[in-house]
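Step one of this worksheet: look at the structure below.
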Amino acid sequence: MSLVSEFLGQLSLNVAGNEPTFPTVVPAVDFDPDKDAARIETAIKTKGVDEQTIIDVLTKRTYAQRREIAFAYERRAKKDMISALKGALSGSLETVILGLMKSTAQYDASEIRGSIKGLGTDEDTLIEILCSRSNTELKEIKNVYKELFKKDLEKDVAGDTSGNFAKLLLALVQTQRAEPSAVVDYEKIDQDARALYDAGVRIKGTDVATWISIMSERSVPHLQKVFQRYKSYSPYDMQESVMKEVKGDLQRSFLVLASADLYMSAQSKGAKEKMVTRIIVSRCEVDLKKICSEFKAQYGQSLHKTVLEHTKGDYQKVLLGLLGQEE
């Protein structure tokens, strides 16, 4: 699924901030949690499990509605719906469905926790989430992280990463990013573009601290203009400059912040599937519709078609359910 993987990592940041949302999953009209709970109960009890019904119900309800279904299910069946779903499902379908039973912030917080717990760190997950969420989203993730795991996100990130990569992630977690403004400050845009050039391509070595402060503290619309202006100083665009100046995790992080393709490097099928799952589940109530239209504009092929070509079975059905109708 390299096509999807190369592209999706860059998109969330572009649509983060105070813009209107573009969800593919919206509240179901004529919603009846008791009826839905009964359908789920029957589907779980069916010999061999009726996965299609579970997919049909849960991908067409918002998180708030799914919670109501879970409460209704518990009243009916006298047991926890999440545990029942865990017992009935397996593999990629189970991963997606259990993800849908969390709020967006709970899901992101759990993914971050999973990426730093235990042996080794899953840097790709940290980069993708921390470099592409807005201030508001990051503040909520920090609160939920504390609530769920009784731990401080900043301390966990600091304890699990090092060097300039750690400095960048901590700068993002501290949510110092300016909010978008209606006033365009051309002088500041020019200063920032010049500073990025002076701190990188123009000198031997790289003044990473300057790059970190500009990329983590300016609003997204301001940064997009800075990167445009940057081309008038540098023989390379921002993405090319990042590729030349820094390597490894820091490079991949700056590429997301500079809206480049993050997942060119995610070669293993497992990594790609995990990322596609994460983006579709975490953004379906936020901006997945916009991600779909940008994907189509870039590749001339819809994300629906790409999912059809690269996935199969119930995993494919649940992803298509969350993507909604192709426009």
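Each chain of the structure tokens is named A, B, ... in the order shown, its residues numbered from 1; ligands are numbered from 1 in display order.
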Could you give me, as a ChimeraX atom specification, the residues within 9 Å of range 68-74 of chain A, counting only C-alpha atoms and dropping anything in the same chain fewer than 3 positions from it?
/A:32-38,40-41,63-65,77-82,101
List every residue of range 125-217 of chain A that DSSP, applied to the backbone, labels as helix (DSSP H, G or I), and write the result as a PyMOL selection string.
chain A and resi 125-130+135-149+153-160+163-173+186-198+208-217
Which of these, A:Val307, A:Ile55, A:Ala199, A:Leu319, has the shortest distance to Val242 in chain A once you count only C-alpha atoms?
A:Ala199
For Glu217 in chain A, which of A:Ala84, A:Val246, A:Ile279, A:Leu170 is the closest residue, counting only C-alpha atoms?
A:Leu170
Quick one: everything within 12 Å of Ala209 in chain A, counting only C-alpha atoms, minus sequence neighbours fewer than 6 positions away in the same chain. Send it as a list in words.
Gly163, Asn164, Phe165, Ala166, Lys167, Leu168, Ala171, Ala195, Leu196, Ala199, Gly200, Met215, Ser216, Glu217 and Leu250 of chain A
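Coordinates place CA of Val144 in chain A at a distance of 16.1 Å from CA of Ile116 in chain A.
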CA of Glu327 in chain A sits from CA of Glu137 in chain A at a separation of 27.3 Å
The residue from A:Thr210, A:Ser293, A:Thr125, A:Thr62 with the smallest atom-to-atom distance to Lys272 in chain A, counting only C-alpha atoms, is A:Thr125
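Considering only C-alpha atoms, the residue among A:Ile189, A:Asp108, A:Phe22, A:Leu288 positioned nearest to Leu153 in chain A is A:Asp108.
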Ser282 in chain A proximity check over A:Ala105, A:Leu126, A:Ile54, A:Ala182, using only C-alpha atoms: winner is A:Ala105
